[in-house]
$ cat my_file-v6.csv   # CSV, N, CA and C atoms
chain,number,residue,atom,x,y,z
J,1,MET,N,4.5,6.4,-33.5
J,1,MET,CA,4.3,5.1,-32.9
J,1,MET,C,3.8,5.3,-31.4
J,2,GLN,N,2.9,4.5,-31.0
J,2,GLN,CA,2.3,4.7,-29.7
J,2,GLN,C,2.7,3.5,-28.7
J,3,ILE,N,3.2,3.9,-27.5
J,3,ILE,CA,3.5,2.9,-26.5
J,3,ILE,C,2.6,3.1,-25.3
J,4,ASN,N,2.0,2.0,-24.8
J,4,ASN,CA,1.1,2.1,-23.7
J,4,ASN,C,1.9,1.7,-22.4
J,5,LEU,N,2.0,2.5,-21.5
J,5,LEU,CA,2.8,2.3,-20.2
J,5,LEU,C,1.9,2.1,-19.0
J,6,LYS,N,2.2,1.2,-18.2
J,6,LYS,CA,1.6,0.9,-16.9
J,6,LYS,C,2.6,1.0,-15.8
J,7,TYR,N,2.2,1.7,-14.7
J,7,TYR,CA,3.2,1.9,-13.6
J,7,TYR,C,2.6,1.2,-12.4
J,8,PHE,N,3.5,0.6,-11.6
J,8,PHE,CA,3.1,0.0,-10.4
J,8,PHE,C,4.0,0.4,-9.2
J,9,GLY,N,3.5,0.3,-8.0
J,9,GLY,CA,4.3,0.6,-6.8
J,9,GLY,C,4.9,1.9,-6.8
J,10,LEU,N,6.2,1.9,-6.4
J,10,LEU,CA,7.0,3.1,-6.3
J,10,LEU,C,7.1,3.9,-7.6
J,11,VAL,N,7.1,3.2,-8.7
J,11,VAL,CA,7.1,3.8,-10.0
J,11,VAL,C,5.9,4.7,-10.2
J,12,ALA,N,4.7,4.1,-9.8
J,12,ALA,CA,3.5,4.9,-9.9
J,12,ALA,C,3.5,6.1,-9.0
J,13,ASP,N,4.1,5.9,-7.8
J,13,ASP,CA,4.3,7.1,-6.9
J,13,ASP,C,5.1,8.2,-7.6
J,14,HIS,N,6.1,7.9,-8.3
J,14,HIS,CA,7.0,8.9,-8.9
J,14,HIS,C,6.3,9.6,-10.1
J,15,THR,N,5.5,8.8,-10.9
J,15,THR,CA,4.9,9.4,-12.0
J,15,THR,C,3.6,10.0,-11.7
J,16,LYS,N,3.0,9.6,-10.5
J,16,LYS,CA,1.7,10.1,-10.1
J,16,LYS,C,0.6,9.7,-11.1
J,17,LYS,N,0.9,8.5,-11.7
J,17,LYS,CA,-0.1,7.9,-12.7
J,17,LYS,C,0.0,6.4,-12.6
J,18,LYS,N,-1.0,5.8,-13.0
J,18,LYS,CA,-1.0,4.3,-13.1
J,18,LYS,C,-0.8,3.9,-14.5
J,19,GLU,N,-1.1,4.7,-15.5
J,19,GLU,CA,-0.8,4.4,-16.9
J,19,GLU,C,-0.8,5.7,-17.7
J,20,GLU,N,-0.2,5.6,-18.9
J,20,GLU,CA,-0.2,6.7,-19.8
J,20,GLU,C,0.2,6.2,-21.2
J,21,VAL,N,0.1,7.0,-22.2
J,21,VAL,CA,0.6,6.7,-23.5
J,21,VAL,C,1.6,7.7,-23.9
J,22,ILE,N,2.7,7.2,-24.5
J,22,ILE,CA,3.7,8.1,-25.0
J,22,ILE,C,4.0,7.8,-26.5
J,23,PHE,N,4.4,8.8,-27.3
J,23,PHE,CA,4.5,8.6,-28.7
J,23,PHE,C,6.0,8.8,-29.1
J,24,PHE,N,6.4,8.0,-30.1
J,24,PHE,CA,7.8,8.1,-30.7
J,24,PHE,C,7.6,8.2,-32.2
J,25,GLU,N,8.6,8.8,-32.8
J,25,GLU,CA,8.7,8.8,-34.3
J,25,GLU,C,9.1,7.4,-34.8
J,26,GLY,N,8.7,7.0,-35.9
J,26,GLY,CA,9.2,5.7,-36.5
J,26,GLY,C,8.3,4.6,-36.1
J,27,ASN,N,8.8,3.4,-36.5
J,27,ASN,CA,8.0,2.1,-36.3
J,27,ASN,C,8.4,1.3,-35.1
J,28,SER,N,9.6,1.6,-34.6
J,28,SER,CA,10.1,0.8,-33.4
J,28,SER,C,11.2,1.6,-32.7
J,29,VAL,N,11.3,1.3,-31.4
J,29,VAL,CA,12.4,1.9,-30.6
J,29,VAL,C,12.9,0.8,-29.7
J,30,THR,N,14.0,1.1,-29.1
J,30,THR,CA,14.5,0.1,-28.1
J,30,THR,C,14.0,0.5,-26.7
J,31,LEU,N,14.0,-0.5,-25.9
J,31,LEU,CA,13.5,-0.2,-24.5
J,31,LEU,C,14.4,0.8,-23.8
J,32,LEU,N,15.7,0.9,-24.2
J,32,LEU,CA,16.6,1.9,-23.6
J,32,LEU,C,16.1,3.3,-24.0
J,33,GLU,N,15.6,3.5,-25.3
J,33,GLU,CA,15.1,4.8,-25.7
J,33,GLU,C,13.8,5.1,-24.9
J,34,VAL,N,13.0,4.2,-24.6
J,34,VAL,CA,11.8,4.4,-23.8
J,34,VAL,C,12.2,4.8,-22.4
J,35,GLN,N,13.2,4.1,-21.9
J,35,GLN,CA,13.7,4.4,-20.5
J,35,GLN,C,14.3,5.9,-20.5
J,36,THR,N,15.1,6.2,-21.5
J,36,THR,CA,15.7,7.5,-21.5
J,36,THR,C,14.6,8.6,-21.6
J,37,ARG,N,13.6,8.4,-22.4
J,37,ARG,CA,12.4,9.4,-22.4
J,37,ARG,C,11.8,9.5,-21.1
J,38,LEU,N,11.5,8.4,-20.4
J,38,LEU,CA,10.8,8.4,-19.1
J,38,LEU,C,11.7,9.1,-18.1
J,39,HIS,N,13.0,8.9,-18.1
J,39,HIS,CA,13.9,9.6,-17.2
J,39,HIS,C,13.9,11.1,-17.4
J,40,GLU,N,13.7,11.5,-18.7
J,40,GLU,CA,13.6,13.0,-19.0
J,40,GLU,C,12.3,13.5,-18.4
J,41,ILE,N,11.2,12.8,-18.5
J,41,ILE,CA,9.9,13.3,-18.1
J,41,ILE,C,9.8,13.2,-16.5
J,42,TYR,N,10.3,12.1,-16.0
J,42,TYR,CA,10.3,11.8,-14.5
J,42,TYR,C,11.7,11.5,-14.0
J,43,PRO,N,12.4,12.6,-13.7
J,43,PRO,CA,13.8,12.4,-13.2
J,43,PRO,C,14.0,11.5,-12.0
J,44,GLU,N,13.0,11.4,-11.2
J,44,GLU,CA,13.1,10.5,-10.0
J,44,GLU,C,13.2,9.1,-10.4
J,45,LEU,N,12.7,8.7,-11.6
J,45,LEU,CA,12.8,7.3,-12.0
J,45,LEU,C,14.3,6.9,-12.2
J,46,ALA,N,15.1,7.8,-12.5
J,46,ALA,CA,16.6,7.5,-12.8
J,46,ALA,C,17.2,7.0,-11.5
J,47,LYS,N,16.6,7.4,-10.3
J,47,LYS,CA,17.2,7.0,-9.0
J,47,LYS,C,16.4,5.8,-8.4
J,48,THR,N,15.5,5.2,-9.2
J,48,THR,CA,14.6,4.1,-8.7
J,48,THR,C,15.0,2.8,-9.4
J,49,THR,N,14.9,1.7,-8.7
J,49,THR,CA,15.1,0.4,-9.3
J,49,THR,C,13.8,-0.2,-9.7
J,50,TYR,N,13.7,-0.6,-11.0
J,50,TYR,CA,12.5,-1.2,-11.5
J,50,TYR,C,12.9,-2.1,-12.7
J,51,SER,N,11.9,-3.0,-13.0
J,51,SER,CA,12.1,-3.9,-14.2
J,51,SER,C,11.0,-3.5,-15.2
J,52,PHE,N,11.2,-4.1,-16.4
J,52,PHE,CA,10.3,-3.9,-17.5
J,52,PHE,C,9.6,-5.2,-17.9
J,53,ALA,N,8.4,-5.1,-18.3
J,53,ALA,CA,7.7,-6.2,-18.9
J,53,ALA,C,7.0,-5.7,-20.2
J,54,ILE,N,7.2,-6.4,-21.3
J,54,ILE,CA,6.5,-6.0,-22.5
J,54,ILE,C,5.4,-7.1,-22.7
J,55,ASN,N,4.2,-6.6,-22.9
J,55,ASN,CA,3.1,-7.6,-23.1
J,55,ASN,C,3.1,-8.7,-22.1
J,56,GLN,N,3.4,-8.4,-20.8
J,56,GLN,CA,3.3,-9.3,-19.7
J,56,GLN,C,4.5,-10.3,-19.6
J,57,LYS,N,5.6,-10.0,-20.3
J,57,LYS,CA,6.8,-10.8,-20.2
J,57,LYS,C,8.0,-9.9,-19.8
J,58,LEU,N,8.7,-10.4,-18.7
J,58,LEU,CA,9.9,-9.6,-18.3
J,58,LEU,C,10.9,-9.6,-19.4
J,59,ILE,N,11.6,-8.4,-19.6
J,59,ILE,CA,12.5,-8.3,-20.6
J,59,ILE,C,13.7,-7.4,-20.2
J,60,GLN,N,14.7,-7.3,-21.1
J,60,GLN,CA,15.9,-6.6,-20.8
J,60,GLN,C,16.0,-5.3,-21.7
J,61,GLY,N,17.0,-4.4,-21.4
J,61,GLY,CA,17.1,-3.1,-22.1
J,61,GLY,C,17.3,-3.0,-23.6
J,62,THR,N,17.8,-4.1,-24.2
J,62,THR,CA,18.1,-4.1,-25.6
J,62,THR,C,16.9,-4.5,-26.5
J,63,THR,N,15.8,-4.8,-25.9
J,63,THR,CA,14.7,-5.3,-26.6
J,63,THR,C,14.1,-4.2,-27.4
J,64,THR,N,13.5,-4.6,-28.6
J,64,THR,CA,12.8,-3.6,-29.4
J,64,THR,C,11.4,-3.6,-29.0
J,65,VAL,N,10.9,-2.3,-29.0
J,65,VAL,CA,9.5,-2.1,-28.6
J,65,VAL,C,8.7,-1.7,-29.9
J,66,ASN,N,7.6,-2.3,-30.2
J,66,ASN,CA,6.8,-2.0,-31.4
J,66,ASN,C,5.6,-1.2,-31.1
J,67,ASN,N,5.0,-0.7,-32.1
J,67,ASN,CA,3.8,0.1,-32.0
J,67,ASN,C,2.7,-0.7,-31.2
J,68,LEU,N,2.1,0.0,-30.3
J,68,LEU,CA,1.0,-0.5,-29.4
J,68,LEU,C,1.4,-1.6,-28.4
J,69,ASN,N,2.7,-1.8,-28.2
J,69,ASN,CA,3.1,-2.7,-27.1
J,69,ASN,C,2.7,-2.1,-25.8
J,70,GLU,N,2.4,-2.9,-24.9
J,70,GLU,CA,2.2,-2.5,-23.5
J,70,GLU,C,3.4,-2.7,-22.7
J,71,ILE,N,3.9,-1.7,-22.0
J,71,ILE,CA,5.1,-1.8,-21.2
J,71,ILE,C,4.7,-1.5,-19.8
J,72,ALA,N,5.1,-2.4,-18.9
J,72,ALA,CA,4.8,-2.2,-17.5
J,72,ALA,C,6.2,-2.0,-16.8
J,73,LEU,N,6.2,-1.0,-15.9
J,73,LEU,CA,7.4,-0.7,-15.1
J,73,LEU,C,7.1,-1.3,-13.7
J,74,LEU,N,7.9,-2.2,-13.3
J,74,LEU,CA,7.6,-3.0,-12.1
J,74,LEU,C,8.6,-2.7,-11.0
J,75,PRO,N,8.2,-2.4,-9.7
J,75,PRO,CA,9.1,-2.3,-8.7
J,75,PRO,C,9.8,-3.6,-8.3
J,76,PRO,N,10.9,-3.6,-7.5
J,76,PRO,CA,11.5,-4.9,-7.1
J,76,PRO,C,10.5,-5.8,-6.4
J,77,PHE,N,10.6,-7.1,-6.6
J,77,PHE,CA,9.7,-8.0,-6.0
J,77,PHE,C,10.4,-8.6,-4.7
J,78,SER,N,9.7,-8.9,-3.7
J,78,SER,CA,10.2,-9.6,-2.6
J,78,SER,C,9.5,-10.9,-2.4
J,79,GLY,N,10.3,-11.9,-2.0
J,79,GLY,CA,9.7,-13.2,-1.8
J,79,GLY,C,8.9,-13.3,-0.5
J,80,GLY,N,8.1,-14.4,-0.4
J,80,GLY,CA,7.3,-14.5,0.8
J,80,GLY,C,6.4,-15.6,0.8
$ encode --input "my_file-v6.csv" --output "structure tokens"
Amino acid sequence: MQINLKYFGLVADHTKKKEEVIFFEGNSVTLLEVQTRLHEIYPELAKTTYSFAINQKLIQGTTTVNNLNEIALLPPFSGG
């Protein structure tokens, strides 16, 4: 299964990428599994605060991710 990732702000600084594709076995994974994989690849992310959006909707860690979903990792927002 293929997951399309987009990185913004400090997250992009840690990954040194704006986007990438990662692959998982099976037809679906949880967002927590995606996060665990990303922390293995980019250990600095484990020390960073960020939120997830799937297909442009903010979501929580227990959400299931399906093939070809787009996941954005978003830094904290500030009002203004």
$ select_by_dssp --input "my_file-v6.csv" --residues "chain J" --states "alpha helix (DSSP H)" --output "ChimeraX atom specification"
/J:9-15,31-41
$ residues_around --input "my_file-v6.csv" --residues "Phe24 (chain J)" --least-positions-apart "6" --cutoff "7 Å" --atoms "only N, CA and C atoms" --output "list in words"
Met1, Gln2 and Ile3 of chain J
$ closest_residue --input "my_file-v6.csv" --among "J:Glu33, J:Glu44, J:Glu25, J:Glu20" --to "Asn4 (chain J)" --atoms "only C-alpha atoms"
J:Glu20
$ closest_residue --input "my_file-v6.csv" --among "J:Pro43, J:Thr30, J:Thr48, J:Lys6" --to "Pro76 (chain J)" --atoms "all atoms listed in the file"
J:Thr48
$ residues_around --input "my_file-v6.csv" --residues "Gln35 (chain J)" --least-positions-apart "2" --cutoff "10 Å" --atoms "only C-alpha atoms" --output "list in words"
Thr30, Leu31, Leu32, Glu33, Arg37, Leu38, His39, Glu40, Ile41, Leu45, Ala46, Phe52, Gly61 and Leu73 of chain J
$ atom_distance --input "my_file-v6.csv" --atom1 "atom C of Asn69 (chain J)" --atom2 "atom N of Thr49 (chain J)"
21.3 Å
$ select_by_dssp --input "my_file-v6.csv" --residues "chain J" --states "strand (DSSP E)" --output "list of chain:residue names"
J:Gln2, J:Ile3, J:Asn4, J:Leu5, J:Lys6, J:Tyr7, J:Glu19, J:Glu20, J:Val21, J:Ile22, J:Phe23, J:Ser28, J:Val29, J:Thr30, J:Ser51, J:Phe52, J:Ala53, J:Ile54, J:Lys57, J:Leu58, J:Ile59, J:Thr64, J:Val65, J:Asn66, J:Glu70, J:Ile71, J:Ala72, J:Leu73, J:Leu74
$ residues_around --input "my_file-v6.csv" --residues "Ile54 (chain J)" --least-positions-apart "4" --cutoff "9 Å" --atoms "only C-alpha atoms" --output "number ranges by chain"
J: 58-59, 65, 69-72
$ closest_residue --input "my_file-v6.csv" --among "J:Leu5, J:Val29, J:Ile22, J:Ser51" --to "Leu74 (chain J)" --atoms "only C-alpha atoms"
J:Ser51
$ atom_distance --input "my_file-v6.csv" --atom1 "CA of Thr15 (chain J)" --atom2 "atom N of Phe77 (chain J)"
18.3 Å
$ atom_distance --input "my_file-v6.csv" --atom1 "atom N of His14 (chain J)" --atom2 "atom C of Asn66 (chain J)"
24.6 Å
$ residues_around --input "my_file-v6.csv" --residues "Pro75 (chain J)" --least-positions-apart "5" --cutoff "8 Å" --atoms "only C-alpha atoms" --output "VMD selection string"
chain J and resid 8 to 11 49 to 51
$ closest_residue --input "my_file-v6.csv" --among "J:Phe23, J:Val34, J:Tyr7, J:Lys16" --to "Thr63 (chain J)" --atoms "only C-alpha atoms"
J:Val34
